[in-house]
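Contents: one structure, followed by commentary.
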Amino acid sequence: MSSLFERPYEGEPVTDETAVIDEPADDEPAVEEPVEVQPASGKRIVTLRIRRYNPEIDDQPHWHDYEVEVLPTERVLDALNKVKWEQDGTLTYRRSCAHGICGSDAMRINGHNQLACKTLINHLDMDKAITIEAIKGLPLEKDLIVDMEPFFQAYRDVQPFLVTDGHEPTRERKQSPEERERFDDTTKCILCAACTTSCPVFWNDGQYFGPAAMVGAHRFIFDSRDEGAQQRLDILNDQDGVWRCRTTFNCTEACPRGIQITQAIQEVKRALITRRV
């Protein structure tokens with residue numbers, strides 16, 4: 001029996017089994033079946049209620065709502081990007097690495113200081129408007145951007161660098177794992193200002209050093225290689241130093257790196273009292 005794809009032998013009668021099946025020519029375009037577009041699985045419409053402020057046209061900040069289609073597993077930063085790229089290019093905010101390392105995108109999300117790039121949409125109530133505003137206590141420049149200079153000046157004031165005496169060493173300064181462990185937690189700071197701008201004392205007094213500066217000081221005060229601990233303790237013994245801390249734990253709860261900030265401040269206080277590090 002001949003195959004459907006074989007031509008019949010010469011003189012052989014054509015039957016259903018020996019019929020030649022014409023194949024499309026190479027130059028004939030293939031006809032594609034229409035594909036029905038399905039909505040993205042799991043996407044939700046969420047409302048972002050953003051506190052906007054443009055100093056060129058606004059007397060006071062105001063709230064504006066945006067509806068955005070997002071996946072629950074996306075981050076708040078992704079939703080903000082969609083607003084800026086697809087709806088309103090004038091929306092202004094800081095962002096950089098988008099991986100919780102640079103600390104650029106600290107903002108108040110539903111009343112709590114958080115990094116937008118680390119806050120999952122499904123960790124928030126998607127049935128209600130998600131409120132987003134700039135962090136408090138620093139001068140508002142535009143939308144979600146604040147002037148960070150007072151924050152960085154307080155950090156610089158506590159001398160966040162290694163202070164040593166004598167000649168420059170010809171080999172590395174050795175440190176045991178136990179000595180490193182003493183200040184390891186405070187090396188994690190990314191200077192996002194989430195802790196400082198969650199502090200009620202800082203909100204009411206911009207001269208207060210704030211938790212981030214104290215964390216930066218702690219990191220070197222308890223470093224066995226450093227010789228400037230007493231200088232930093234004298235700086236933090238000022239009226240705007242560690243004694244202004246009211247131990248509300250706001251800073252510890254706000255830290256995206258999980259640093260035990262309140263504990264670090266208490267250790268600095270103890271060092272001031274005992275004059276030992």
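Chain identifiers are assigned as A, B, and so on, following the order in which chains appear in the structure tokens; residues are numbered from 1 within each chain, and ligands are numbered from 1 in order of appearance.
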
Surrounding residues of stretch 103-119 of chain A excluding itself and chain neighbours under 5 positions, 7 Å, only C-alpha atoms, as a PyMOL selection string: chain A and resi 75-77+94-96+98+130-135+190-192+194+198+254+256

Going by DSSP on the backbone, which bits of stretch 65-244 of chain A are helix (DSSP H, G or I)? Write them as a PyMOL selection string, please. chain A and resi 76-87+121-123+149-157+177-181+184-188+196-198+200-204+211-221+229-236+242-244

Considering only C-alpha atoms, return as a VMD selection string whatever protein or nucleic-acid residues lie within 9 Å of A:Thr247, sequence-local ones (same chain, fewer than 5 positions apart) excluded. chain A and resid 262 265 to 266

Between A:Ile50, A:Cys189, A:Leu162, A:Val70, which has the minimum distance to A:Ile101 (counting only C-alpha atoms)?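 Among A:Ile50, A:Cys189, A:Leu162, A:Val70, it is A:Cys189 that comes nearest to A:Ile101.
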
Give me, as JSON, numbers by chain, all polymer residues having an atom no more than 8 Å from A:Ala129, counting only C-alpha atoms and skipping those fewer than 3 positions away in the same chain. {"A": [46, 47, 48, 49, 125, 126]}

Would you mind writing down, as a PyMOL selection string, each residue of stretch 7-234 of chain A that DSSP on the backbone assigns to strand (DSSP E or B)? chain A and resi 44-52+62-70+75+106-109+112-115+120+130-133+140-142+145-146

Could the residues in this selection be written to a file with C-alpha atoms, as a short mmCIF file (atom, residue, chain, number, x, y, z; two decimals), in the first residue's frame?
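To be explicit, this is the file written out as again02.cif:
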```cif
data_model
loop_
_atom_site.label_atom_id
_atom_site.label_comp_id
_atom_site.auth_asym_id
_atom_site.auth_seq_id
_atom_site.Cartn_x
_atom_site.Cartn_y
_atom_site.Cartn_z
CA ARG A 44 -4.69 43.75 40.73
CA ILE A 45 -5.70 47.37 40.46
CA VAL A 46 -4.39 49.25 43.49
CA THR A 47 -4.75 52.89 44.43
CA LEU A 48 -1.64 54.86 45.32
CA ARG A 49 -2.46 57.98 47.32
CA ILE A 50 0.68 60.09 46.92
CA ARG A 51 1.37 63.35 48.72
CA ARG A 52 2.46 65.69 45.93
CA HIS A 62 -1.74 67.83 48.55
CA TRP A 63 -2.84 64.23 48.02
CA HIS A 64 -3.39 62.74 44.57
CA ASP A 65 -4.73 59.27 43.74
CA TYR A 66 -3.39 57.02 40.98
CA GLU A 67 -4.76 53.62 39.98
CA VAL A 68 -2.10 51.14 38.90
CA GLU A 69 -2.26 47.54 37.69
CA VAL A 70 0.35 45.51 39.55
CA ARG A 75 7.22 46.27 45.14
CA ALA A 106 13.14 55.70 51.97
CA MET A 107 9.60 57.09 52.31
CA ARG A 108 6.52 56.85 54.51
CA ILE A 109 4.28 54.05 53.27
CA HIS A 112 5.63 53.85 58.39
CA ASN A 113 9.15 54.59 57.19
CA GLN A 114 10.17 51.91 54.69
CA LEU A 115 12.24 51.39 51.57
CA LEU A 120 5.90 44.13 48.73
CA ILE A 130 -1.75 52.89 49.80
CA THR A 131 -0.54 56.23 51.15
CA ILE A 132 2.94 57.36 50.17
CA GLU A 133 4.65 60.53 51.37
CA LEU A 140 10.59 68.95 51.76
CA GLU A 141 11.94 69.81 48.32
CA LYS A 142 9.48 68.19 45.90
CA ILE A 145 12.23 64.16 47.94
CA VAL A 146 13.64 65.86 51.03
#
```

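Using only C-alpha atoms, the nearest neighbour of A:Asn204 within the list A:Glu267, A:Glu178, A:Gln260, A:Leu138 is A:Leu138.
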
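By only C-alpha atoms, and with residues fewer than 6 positions from A:Arg156 along its chain excluded, the set lying at most 10 Å from it is Pro150, Ala213, Gly216 and Ala217 of chain A.
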
Once you have the residues from the selection above, write them out as a short mmCIF file (atom, residue, chain, number, x, y, z; two decimals), in the first residue's frame, restricted to N, CA and C atoms.
```
data_model
loop_
_atom_site.label_atom_id
_atom_site.label_comp_id
_atom_site.auth_asym_id
_atom_site.auth_seq_id
_atom_site.Cartn_x
_atom_site.Cartn_y
_atom_site.Cartn_z
N PRO A 150 21.00 68.17 56.21
CA PRO A 150 21.07 68.17 57.67
C PRO A 150 21.36 66.77 58.24
N ALA A 213 23.28 58.94 63.07
CA ALA A 213 24.59 59.47 63.44
C ALA A 213 25.17 58.70 64.63
N GLY A 216 26.47 55.46 63.43
CA GLY A 216 27.78 55.67 62.80
C GLY A 216 28.88 55.86 63.81
N ALA A 217 28.59 56.56 64.89
CA ALA A 217 29.58 56.74 65.94
C ALA A 217 29.88 55.42 66.65
#
```
